[in-house]
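Q: Submitted below is the structure of interest, expressed as C-alpha cells.
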Amino acid sequence: MPELAPKPVSASAIEKHVYKVFPNDMNAHDTVFGGMIMAKCDRLALVVAERHSAHVCVTAAVDSIHFRAPAKGNDTLLFSLSLNRSWGSSMEIGARVEAENSYTGDVRHILSAFFTFVALDENDKPIDVPAVIPETGGQQRRFDNAEIRREGRLATRKKLSGGQGA
C-alpha cells in the first residue's frame, strides 16, 4: 500500500460554524440542551474526519466533554473543530464551542470535547489515514496532548478488560 501524504490541520478544520439558538433548543432550566450541542459536535467532527481521511468514518469514542458555561436563548453558537492527531485508522478531533450574545457580541467558551473517529474501507474494515501536520503552536500543543489522551484511553481499556487488551 502506498504511503499516505500527510495533511495540514487546516485542510479539514471547521472554524466558527454558526448555529442560532431558538426556543426549541432549550431545556427545562432555560439553557441550551447539552445533548443537542454534543450531537452537533459529533456531526461536525465527522466532517473533519472524512475530509482528512477521504473515507467513511465512525465515532469510536468521545472523551472529556466539559461544559464550561451555559448557552442561553438568543445566543449564537460557534463551533470550531480540528484534527489533533492520527494513528493508523483512528483520529482525534478536538471541539470548542463558544456562545456569542447576538446583541452585545460578548463571547463565552461553553464546551470542549475530544472525539475519536475510525476510517473504514468499502468493506467496513479500518483503513489507514494520513498523518496530520500541525501548523501553529496551539496545534502542536494539541498534537502532543492527543498522544497523552490516547495513552490514557488505551490504559483504561486494558484495565477494564482485566489486562486482556481490547
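Each chain in the C-alpha cells gets a letter, A, B, ..., in the order shown, and its residues are numbered from 1; ligands are numbered from 1 in order too.
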If you run DSSP on the backbone, which residues of chain A are helix (DSSP H, G or I), as a PyMOL selection string?
A: chain A and resi 9-11+23-25+34-53+137-160
Q: Can you pull out every residue within 12 Å of Asp124 in chain A, counting only C-alpha atoms, but drop anything in the same chain fewer than 2 positions away, and send it as a PyMOL selection string?
A: chain A and resi 55-58+89+118-122+126-127
Q: Print the selection's residues with N, CA and C atoms to a file, as an mmCIF file, in the first residue's frame.
A:
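Produced file result32.cif, reproduced below:
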```cif
data_model
loop_
_atom_site.group_PDB
_atom_site.id
_atom_site.type_symbol
_atom_site.label_atom_id
_atom_site.label_comp_id
_atom_site.auth_asym_id
_atom_site.auth_seq_id
_atom_site.Cartn_x
_atom_site.Cartn_y
_atom_site.Cartn_z
ATOM 1 N N HIS A 55 -12.500 8.958 3.614
ATOM 2 C CA HIS A 55 -13.229 7.699 3.771
ATOM 3 C C HIS A 55 -14.427 7.915 4.682
ATOM 4 N N VAL A 56 -15.345 6.957 4.646
ATOM 5 C CA VAL A 56 -16.432 6.926 5.613
ATOM 6 C C VAL A 56 -15.799 6.744 6.986
ATOM 7 N N CYS A 57 -16.308 7.453 7.969
ATOM 8 C CA CYS A 57 -15.766 7.356 9.332
ATOM 9 C C CYS A 57 -16.893 7.137 10.323
ATOM 10 N N VAL A 58 -16.536 6.549 11.456
ATOM 11 C CA VAL A 58 -17.498 6.324 12.533
ATOM 12 C C VAL A 58 -16.897 6.809 13.849
ATOM 13 N N SER A 89 -5.692 3.925 11.707
ATOM 14 C CA SER A 89 -7.017 4.243 11.162
ATOM 15 C C SER A 89 -7.803 5.219 12.032
ATOM 16 N N VAL A 118 -12.800 6.485 13.529
ATOM 17 C CA VAL A 118 -12.065 5.469 12.787
ATOM 18 C C VAL A 118 -12.547 5.517 11.346
ATOM 19 N N ALA A 119 -11.587 5.504 10.412
ATOM 20 C CA ALA A 119 -11.905 5.469 8.989
ATOM 21 C C ALA A 119 -12.129 4.023 8.558
ATOM 22 N N LEU A 120 -13.107 3.830 7.669
ATOM 23 C CA LEU A 120 -13.460 2.490 7.198
ATOM 24 C C LEU A 120 -13.323 2.395 5.683
ATOM 25 N N ASP A 121 -12.914 1.212 5.216
ATOM 26 C CA ASP A 121 -12.847 0.989 3.771
ATOM 27 C C ASP A 121 -14.215 0.537 3.260
ATOM 28 N N GLU A 122 -14.266 0.139 1.999
ATOM 29 C CA GLU A 122 -15.537 -0.247 1.384
ATOM 30 C C GLU A 122 -16.128 -1.519 1.981
ATOM 31 N N PRO A 126 -11.302 -1.139 9.239
ATOM 32 C CA PRO A 126 -10.458 0.039 9.466
ATOM 33 C C PRO A 126 -9.390 0.172 8.375
ATOM 34 N N ILE A 127 -9.155 1.420 7.961
ATOM 35 C CA ILE A 127 -8.165 1.710 6.926
ATOM 36 C C ILE A 127 -7.290 2.868 7.392
#
```
Q: Taking only residues of range 72-114 of chain A that have an atom at most 12 Å from an atom of range 146-162 of chain A, what is each one's shortest atom pair and its distance in Å to one decimal, using only C-alpha atoms, in chain and number order, as JSON lines?
A:
```
{"residue": "A:Leu83", "atom": "CA", "partner": "A:Ala146", "partner_atom": "CA", "distance": 9.8}
{"residue": "A:Asn84", "atom": "CA", "partner": "A:Ala146", "partner_atom": "CA", "distance": 6.4}
{"residue": "A:Arg85", "atom": "CA", "partner": "A:Ala146", "partner_atom": "CA", "distance": 6.3}
{"residue": "A:Ser86", "atom": "CA", "partner": "A:Ala146", "partner_atom": "CA", "distance": 8.9}
{"residue": "A:Trp87", "atom": "CA", "partner": "A:Glu147", "partner_atom": "CA", "distance": 9.4}
{"residue": "A:Ser90", "atom": "CA", "partner": "A:Arg150", "partner_atom": "CA", "distance": 10.3}
{"residue": "A:Met91", "atom": "CA", "partner": "A:Ala146", "partner_atom": "CA", "distance": 9.5}
{"residue": "A:Glu92", "atom": "CA", "partner": "A:Ala146", "partner_atom": "CA", "distance": 7.0}
{"residue": "A:Ile93", "atom": "CA", "partner": "A:Ala146", "partner_atom": "CA", "distance": 9.1}
{"residue": "A:Gly94", "atom": "CA", "partner": "A:Ala146", "partner_atom": "CA", "distance": 9.1}
{"residue": "A:Ala113", "atom": "CA", "partner": "A:Arg149", "partner_atom": "CA", "distance": 11.8}
{"residue": "A:Phe114", "atom": "CA", "partner": "A:Ala146", "partner_atom": "CA", "distance": 9.0}
```
Q: Find the residue from A:Phe115, A:Phe22, A:Phe67, A:Phe143 that sits nearest to Leu44 in chain A; use only C-alpha atoms when measuring.
A: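 Going through A:Phe115, A:Phe22, A:Phe67, A:Phe143 one by one, the smallest distance to Leu44 in chain A is for A:Phe115.
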Q: Taking a cut-off of 7 Å and counting only C-alpha atoms, can you build a table that, for each residue of range 94-146 of chain A near range 2-10 of chain A, reports the nearest atom pair and how far apart they are in Å (one decimal), sorted by chain then residue number, as a Markdown table?
A:
```
| residue | atom | partner | partner_atom | distance |
| --- | --- | --- | --- | --- |
| A:Pro130 | CA | A:Pro6 | CA | 4.9 |
| A:Ala131 | CA | A:Pro6 | CA | 4.5 |
| A:Val132 | CA | A:Lys7 | CA | 5.1 |
| A:Ile133 | CA | A:Pro8 | CA | 4.4 |
| A:Pro134 | CA | A:Val9 | CA | 5.8 |
| A:Glu135 | CA | A:Pro8 | CA | 6.7 |
```
Q: I'd like the interatomic distance between CA of Leu81 in chain A and CA of Leu46 in chain A, to a tenth of an Å.
A: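 Separation of CA of Leu81 in chain A and CA of Leu46 in chain A: 9.9 Å.
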Q: What is the CA of Arg142 in chain A-CA of Ser112 in chain A distance in Å, reported with one decimal?
A: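 Between CA of Arg142 in chain A and CA of Ser112 in chain A the gap is 12.5 Å.
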Q: Can you work out which one of A:Ser12, A:Thr116, A:Val107, A:Ser82 has the shortest atom-to-atom distance to Ala54 in chain A, counting only C-alpha atoms?
A: A:Ser12
Q: Among chain A, which residues does DSSP mark as strand (DSSP E or B) when it is run on the backbone? Keep the chain and numbering as in the structure and answer as a ChimeraX atom specification.
A: /A:7-8,14-20,26,32,56-67,75-87,90-101,107-120,126,132-133
Q: Pick the closest to Lys16 in chain A from A:Gln140, A:Asn74, A:Ser80, A:Ser53: which is it, counting only C-alpha atoms?
A: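 Of A:Gln140, A:Asn74, A:Ser80, A:Ser53, the one nearest Lys16 in chain A is A:Ser80, counting only C-alpha atoms.
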Q: Given the choices A:Ser64, A:Asn24, A:Thr31, A:Thr76, which gets closest to Ala99 in chain A if the distance is worked out from only C-alpha atoms?
A: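 So, comparing all the options, the nearest one is A:Thr76.
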Q: Pick out the residues sitting within 12 Å of His29 in chain A, and hand them over as a list in words; count only C-alpha atoms, and ignore anything fewer than 5 positions along from it in its own chain.
A: Gly34, Pro70, Ala71, Lys72 and Gly73 of chain A
Q: Please dump the current selection as a PDB file, in the first residue's frame; keep N, CA, C and O atoms.
A:
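The resulting file, result-v5.pdb, is reproduced below:
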```pdb
ATOM      1  N   GLY A  34     -27.748  20.357  26.438  1.00  0.00           N
ATOM      2  CA  GLY A  34     -26.391  19.894  26.202  1.00  0.00           C
ATOM      3  C   GLY A  34     -26.295  18.782  25.172  1.00  0.00           C
ATOM      4  O   GLY A  34     -25.334  18.717  24.403  1.00  0.00           O
ATOM      5  N   PRO A  70     -23.178  27.773  30.517  1.00  0.00           N
ATOM      6  CA  PRO A  70     -24.393  27.504  29.745  1.00  0.00           C
ATOM      7  C   PRO A  70     -24.535  28.454  28.561  1.00  0.00           C
ATOM      8  O   PRO A  70     -24.026  29.570  28.571  1.00  0.00           O
ATOM      9  N   ALA A  71     -25.229  27.979  27.545  1.00  0.00           N
ATOM     10  CA  ALA A  71     -25.671  28.846  26.451  1.00  0.00           C
ATOM     11  C   ALA A  71     -27.133  29.164  26.724  1.00  0.00           C
ATOM     12  O   ALA A  71     -27.860  28.362  27.306  1.00  0.00           O
ATOM     13  N   LYS A  72     -27.548  30.335  26.303  1.00  0.00           N
ATOM     14  CA  LYS A  72     -28.895  30.810  26.611  1.00  0.00           C
ATOM     15  C   LYS A  72     -29.644  31.204  25.350  1.00  0.00           C
ATOM     16  O   LYS A  72     -29.069  31.254  24.260  1.00  0.00           O
ATOM     17  N   GLY A  73     -30.930  31.499  25.526  1.00  0.00           N
ATOM     18  CA  GLY A  73     -31.737  31.959  24.409  1.00  0.00           C
ATOM     19  C   GLY A  73     -31.112  33.192  23.778  1.00  0.00           C
ATOM     20  O   GLY A  73     -30.467  33.994  24.448  1.00  0.00           O
TER      21      GLY A  73
END
```
Q: In Å, rounded to a single decimal, give me how far CA of Leu77 in chain A is from CA of Phe33 in chain A.
A: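 Interatomic distance here is 12.2 Å.
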Q: Between A:Val48, A:Ile110, A:Ala60, A:Met38, which is the closest to Ala11 in chain A once you count only C-alpha atoms?
A: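 Among the listed residues, the smallest separation from Ala11 in chain A belongs to A:Val48.
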